[in-house]
Amino acid sequence: MKIATQDKKLTEGPIWKQLLLFALPLLGSSFIQQLYNTVDLLFAGNLIGTDATAAVGASSLVITCLVGFFTGLSVGTGVIIANRAGSGEWEDVNRTIHTAMGLSLLGGALLTVLGIALSRPVLMLMGTPTEIFDSAVSYVRVYFLSMIPLAIYNMNAGIIRSVGNSRIPLLIQSVGGVTNVLADFVSIYFLHMGVEGVAWATMLSQGIAAVLSVLFLMKKGEHYRLEWRKIRIEGNILNRILRMGVPAGLQSMVITLSNVFIQYKINAFGVDAIAAFSVYFKVELLIYLPIVAFGQAMTTFAGQNMGAGKISRIRKGVKVCIGMGITYAVVAAMLLLYLGEGIFALFDRDAAVIACGLRIIRITFPLYWVYVILEVLADAIRGTGRSLPPMGIILSTICGFRTVLLIIFTSLWDSIEAVAAVYPAAWLAASLCLAVYWKRSVPAGMPEGGNEND
């Protein structure tokens, strides 16, 4: 059974072209989804003030922490479906889709409860300044009301992409992104709802994206059409999803928890530093998201080719993907360093915030190409069905090693540059470990099979 014609079969054709064409819609979708929180930051900073910018930024880690675990589950689902689609096992694909939807509904409800319950104590633990604390709590609690639609959309988007269609999630996110911009403007400029208003805008836009993704899957062909009467959590399918997804989810969650220590250190430098890092984490998306898109494309590419038995094609794909990613990262870093002051001014016109931001990017951006190696190798390994090794490597380096570096660097050099420097140092350590694992273990442990068309 072949993959449907409107979807992309990544087991055939020129590798660079297949990866690039598949990654571009992924990139667009990622930019638009990140636009939700970024637009919140833009409107908060320009129409409310620096305290609002800091409140949104200080809240982001709490949101990312709990959302990250569920996102990992969607990664596990996508790998399973990509592998089964590559080998034509469509009945298994259909059962996985309906189990994943059941998991989305349950997981989204749990995230809502946990997010609302834990927002205040976690923000206190992070040392959020008193002047922005109440605004940060309000933003987080309203934001977490959108967890069910966010969980449904992310899982559905992973399903659609795993069979080779990265265009539809982009179109759906475009509708949600436009809705978010309009709702932000109305809630702040006309309704004067403040920081809480931008969170309500996100809830509306995520809800629309979730509904559209469900409608799309309900109208698909017989092989992966979503039917509500079939939604159930099957034990054996759930076990596969958890085996693949929990390591990725725990990795995301623990990394974010380790960021709490970094945020605590940032908070000690005051509101200007908090606002500067908040803006920085949005500016860096111009480099980060394309790299993530290449990694996501590599996961689906490896999953489909693993199912088809085309192992050497996976190896070649990794080299091609790293090459394209590094080229992009270097060019983007040079451009952003040149335009940095103007870009930071878009988010916050405060001169002190802009100055802090420029100090941060001069440390991290020149070394962002290292992150390409980390992302592509980790996602390629997951795509071949091995989720534990990249989790172990990344947790030990990005969490453990980075935390140690933070203590050492800030004790020797108590400044925002010291905090910024821990990021590229940890990327380098993780990249080296993943490269050694990939070279020594993954290719050697995979049997060859199939006729490959590279």
# chains A, B, ... in the order shown; residues from 1 in each chain; ligands from 1
$ closest_atom_pairs --of "stretch 192-293 of chain A" --to "stretch 118-135 of chain A" --cutoff "9 Å" --atoms "only C-alpha atoms" --output "JSON lines"
{"residue": "A:Gly194", "atom": "CA", "partner": "A:Ser135", "partner_atom": "CA", "distance": 8.6}
{"residue": "A:Val195", "atom": "CA", "partner": "A:Ser135", "partner_atom": "CA", "distance": 6.4}
{"residue": "A:Glu196", "atom": "CA", "partner": "A:Ser135", "partner_atom": "CA", "distance": 7.4}
{"residue": "A:Val260", "atom": "CA", "partner": "A:Met126", "partner_atom": "CA", "distance": 6.1}
{"residue": "A:Phe261", "atom": "CA", "partner": "A:Met126", "partner_atom": "CA", "distance": 7.4}
{"residue": "A:Gln263", "atom": "CA", "partner": "A:Met126", "partner_atom": "CA", "distance": 6.7}
{"residue": "A:Tyr264", "atom": "CA", "partner": "A:Met126", "partner_atom": "CA", "distance": 5.0}
{"residue": "A:Lys265", "atom": "CA", "partner": "A:Met126", "partner_atom": "CA", "distance": 8.8}
{"residue": "A:Asn267", "atom": "CA", "partner": "A:Thr128", "partner_atom": "CA", "distance": 6.5}
{"residue": "A:Ala268", "atom": "CA", "partner": "A:Gly127", "partner_atom": "CA", "distance": 7.9}
{"residue": "A:Gly270", "atom": "CA", "partner": "A:Pro129", "partner_atom": "CA", "distance": 7.8}
{"residue": "A:Val271", "atom": "CA", "partner": "A:Pro129", "partner_atom": "CA", "distance": 7.6}
$ write_last_selection --atoms "C-alpha atoms" --output "PDB file, in the first residue's frame"
ATOM      1  CA  GLY A 194      -3.838  43.826  30.063  1.00  0.00           C
ATOM      2  CA  VAL A 195      -1.579  40.768  30.253  1.00  0.00           C
ATOM      3  CA  GLU A 196      -4.538  38.488  30.945  1.00  0.00           C
ATOM      4  CA  VAL A 260      14.237  27.361  36.209  1.00  0.00           C
ATOM      5  CA  PHE A 261      17.701  27.567  37.796  1.00  0.00           C
ATOM      6  CA  GLN A 263      15.722  31.917  35.205  1.00  0.00           C
ATOM      7  CA  TYR A 264      16.327  32.236  38.939  1.00  0.00           C
ATOM      8  CA  LYS A 265      19.797  33.611  38.195  1.00  0.00           C
ATOM      9  CA  ASN A 267      15.771  37.215  37.942  1.00  0.00           C
ATOM     10  CA  ALA A 268      18.534  38.212  40.349  1.00  0.00           C
ATOM     11  CA  GLY A 270      16.463  42.661  37.898  1.00  0.00           C
ATOM     12  CA  VAL A 271      13.548  43.523  35.623  1.00  0.00           C
TER      13      VAL A 271
END
$ residues_around --residues "A:Leu145" --least-positions-apart "3" --cutoff "7 Å" --atoms "only C-alpha atoms" --output "MDAnalysis selection string"
chainID A and resid 112 141:142 203
$ write_last_selection --atoms "C-alpha atoms" --output "PDB file, in the first residue's frame"
ATOM      1  CA  THR A 112      -4.914  22.330  32.495  1.00  0.00           C
ATOM      2  CA  ARG A 141      -3.590  30.501  34.592  1.00  0.00           C
ATOM      3  CA  VAL A 142      -5.565  31.773  31.617  1.00  0.00           C
ATOM      4  CA  MET A 203      -6.764  30.330  23.919  1.00  0.00           C
TER       5      MET A 203
END
$ residues_around --residues "A:Met101" --least-positions-apart "6" --cutoff "12 Å" --atoms "only C-alpha atoms" --output "PyMOL selection string"
chain A and resi 73-74+77+94-95+107-108+148-149+151-159+210+213-214+217-218+225-234+237-238+241
$ residues_around --residues "A:Ala329" --least-positions-apart "2" --cutoff "7 Å" --atoms "only C-alpha atoms" --output "PyMOL selection string"
chain A and resi 287+325-327+331-333+368-369
$ closest_residue --among "A:Val370, A:Ala426, A:Arg240, A:Phe216" --to "A:Asp92" --atoms "only C-alpha atoms"
A:Arg240
$ atom_distance --atom1 "atom CA of A:Phe277" --atom2 "atom CA of A:Leu405"
18.4 Å
$ closest_residue --among "A:Leu150, A:Ile116, A:Ala248, A:Leu19" --to "A:Thr202" --atoms "only C-alpha atoms"
A:Leu150
$ select_by_dssp --residues "stretch 324-388 of chain A" --states "alpha helix (DSSP H)" --output "number ranges by chain"
A: 324-347, 351-364, 369-383, 388
$ atom_distance --atom1 "atom CA of A:Arg349" --atom2 "atom CA of A:Ile32"
23.7 Å
$ closest_residue --among "A:Phe144, A:Trp413, A:Tyr328, A:Tyr338" --to "A:Val372" --atoms "only C-alpha atoms"
A:Tyr328
$ atom_distance --atom1 "atom CA of A:Leu358" --atom2 "atom CA of A:Phe409"
19.2 Å
$ closest_residue --among "A:Ala345, A:Val318, A:Val292, A:Ala297" --to "A:Ala275" --atoms "only C-alpha atoms"
A:Ala345
$ residues_around --residues "A:Pro290" --least-positions-apart "3" --cutoff "9 Å" --atoms "only C-alpha atoms" --output "list in words"
Ala23, Leu24, Leu26, Leu27, Gly28, Ser30, Phe31, Leu285, Leu286, Ile287, Ala293, Phe294, Gly295, Gly325, Tyr328 and Ala329 of chain A
$ closest_residue --among "A:Asn305, A:Thr410, A:Thr300, A:Thr364" --to "A:Tyr288" --atoms "only C-alpha atoms"
A:Thr364
$ decode --residues "stretch 66-133 of chain A" --atoms "C-alpha atoms" --output "tab-separated table (two decimals), in the first residue's frame"
chain	number	residue	atom	x	y	z
A	66	LEU	CA	4.22	21.14	31.25
A	67	VAL	CA	3.54	21.46	27.52
A	68	GLY	CA	6.93	19.90	26.72
A	69	PHE	CA	5.99	16.52	28.16
A	70	PHE	CA	2.92	16.19	25.98
A	71	THR	CA	4.83	17.39	22.94
A	72	GLY	CA	7.22	14.48	23.52
A	73	LEU	CA	4.31	12.08	23.38
A	74	SER	CA	3.33	13.51	19.99
A	75	VAL	CA	6.90	12.91	18.80
A	76	GLY	CA	6.60	9.27	19.82
A	77	THR	CA	3.29	8.96	17.99
A	78	GLY	CA	4.78	10.51	14.86
A	79	VAL	CA	7.72	8.10	14.80
A	80	ILE	CA	5.40	5.08	15.10
A	81	ILE	CA	3.10	6.31	12.33
A	82	ALA	CA	5.99	7.28	10.02
A	83	ASN	CA	7.50	3.83	10.43
A	84	ARG	CA	4.19	2.04	9.80
A	85	ALA	CA	3.40	4.34	6.84
A	86	GLY	CA	6.82	3.57	5.34
A	87	SER	CA	6.07	-0.15	5.48
A	88	GLY	CA	2.38	0.20	4.46
A	89	GLU	CA	0.87	-1.07	7.74
A	90	TRP	CA	-2.21	1.15	7.54
A	91	GLU	CA	-4.42	-0.68	10.03
A	92	ASP	CA	-1.79	-0.06	12.69
A	93	VAL	CA	-1.61	3.60	11.62
A	94	ASN	CA	-5.37	3.98	12.09
A	95	ARG	CA	-5.36	2.41	15.55
A	96	THR	CA	-2.46	4.62	16.61
A	97	ILE	CA	-4.32	7.76	15.49
A	98	HIS	CA	-7.38	6.98	17.61
A	99	THR	CA	-5.31	6.07	20.67
A	100	ALA	CA	-3.36	9.30	20.23
A	101	MET	CA	-6.57	11.35	20.16
A	102	GLY	CA	-7.75	9.74	23.39
A	103	LEU	CA	-4.40	10.50	24.95
A	104	SER	CA	-4.65	14.13	23.74
A	105	LEU	CA	-7.99	14.67	25.46
A	106	LEU	CA	-6.83	13.11	28.71
A	107	GLY	CA	-3.39	14.73	28.63
A	108	GLY	CA	-4.76	18.18	27.82
A	109	ALA	CA	-7.17	18.01	30.76
A	110	LEU	CA	-4.37	16.99	33.13
A	111	LEU	CA	-2.15	19.81	31.85
A	112	THR	CA	-4.91	22.33	32.49
A	113	VAL	CA	-5.34	21.21	36.10
A	114	LEU	CA	-1.61	21.01	36.80
A	115	GLY	CA	-0.85	24.35	35.14
A	116	ILE	CA	-3.47	26.25	37.12
A	117	ALA	CA	-2.56	24.53	40.41
A	118	LEU	CA	1.22	24.89	40.11
A	119	SER	CA	1.53	28.34	38.54
A	120	ARG	CA	1.77	30.37	41.75
A	121	PRO	CA	4.19	28.10	43.69
A	122	VAL	CA	6.47	27.61	40.68
A	123	LEU	CA	6.64	31.35	39.94
A	124	MET	CA	7.48	31.92	43.61
A	125	LEU	CA	10.18	29.24	43.44
A	126	MET	CA	11.68	31.00	40.41
A	127	GLY	CA	12.03	34.23	42.38
A	128	THR	CA	9.71	36.22	40.13
A	129	PRO	CA	9.92	39.90	41.21
A	130	THR	CA	7.00	41.19	43.31
A	131	GLU	CA	6.10	43.96	40.87
A	132	ILE	CA	5.27	41.50	38.08
A	133	PHE	CA	4.18	38.46	40.13
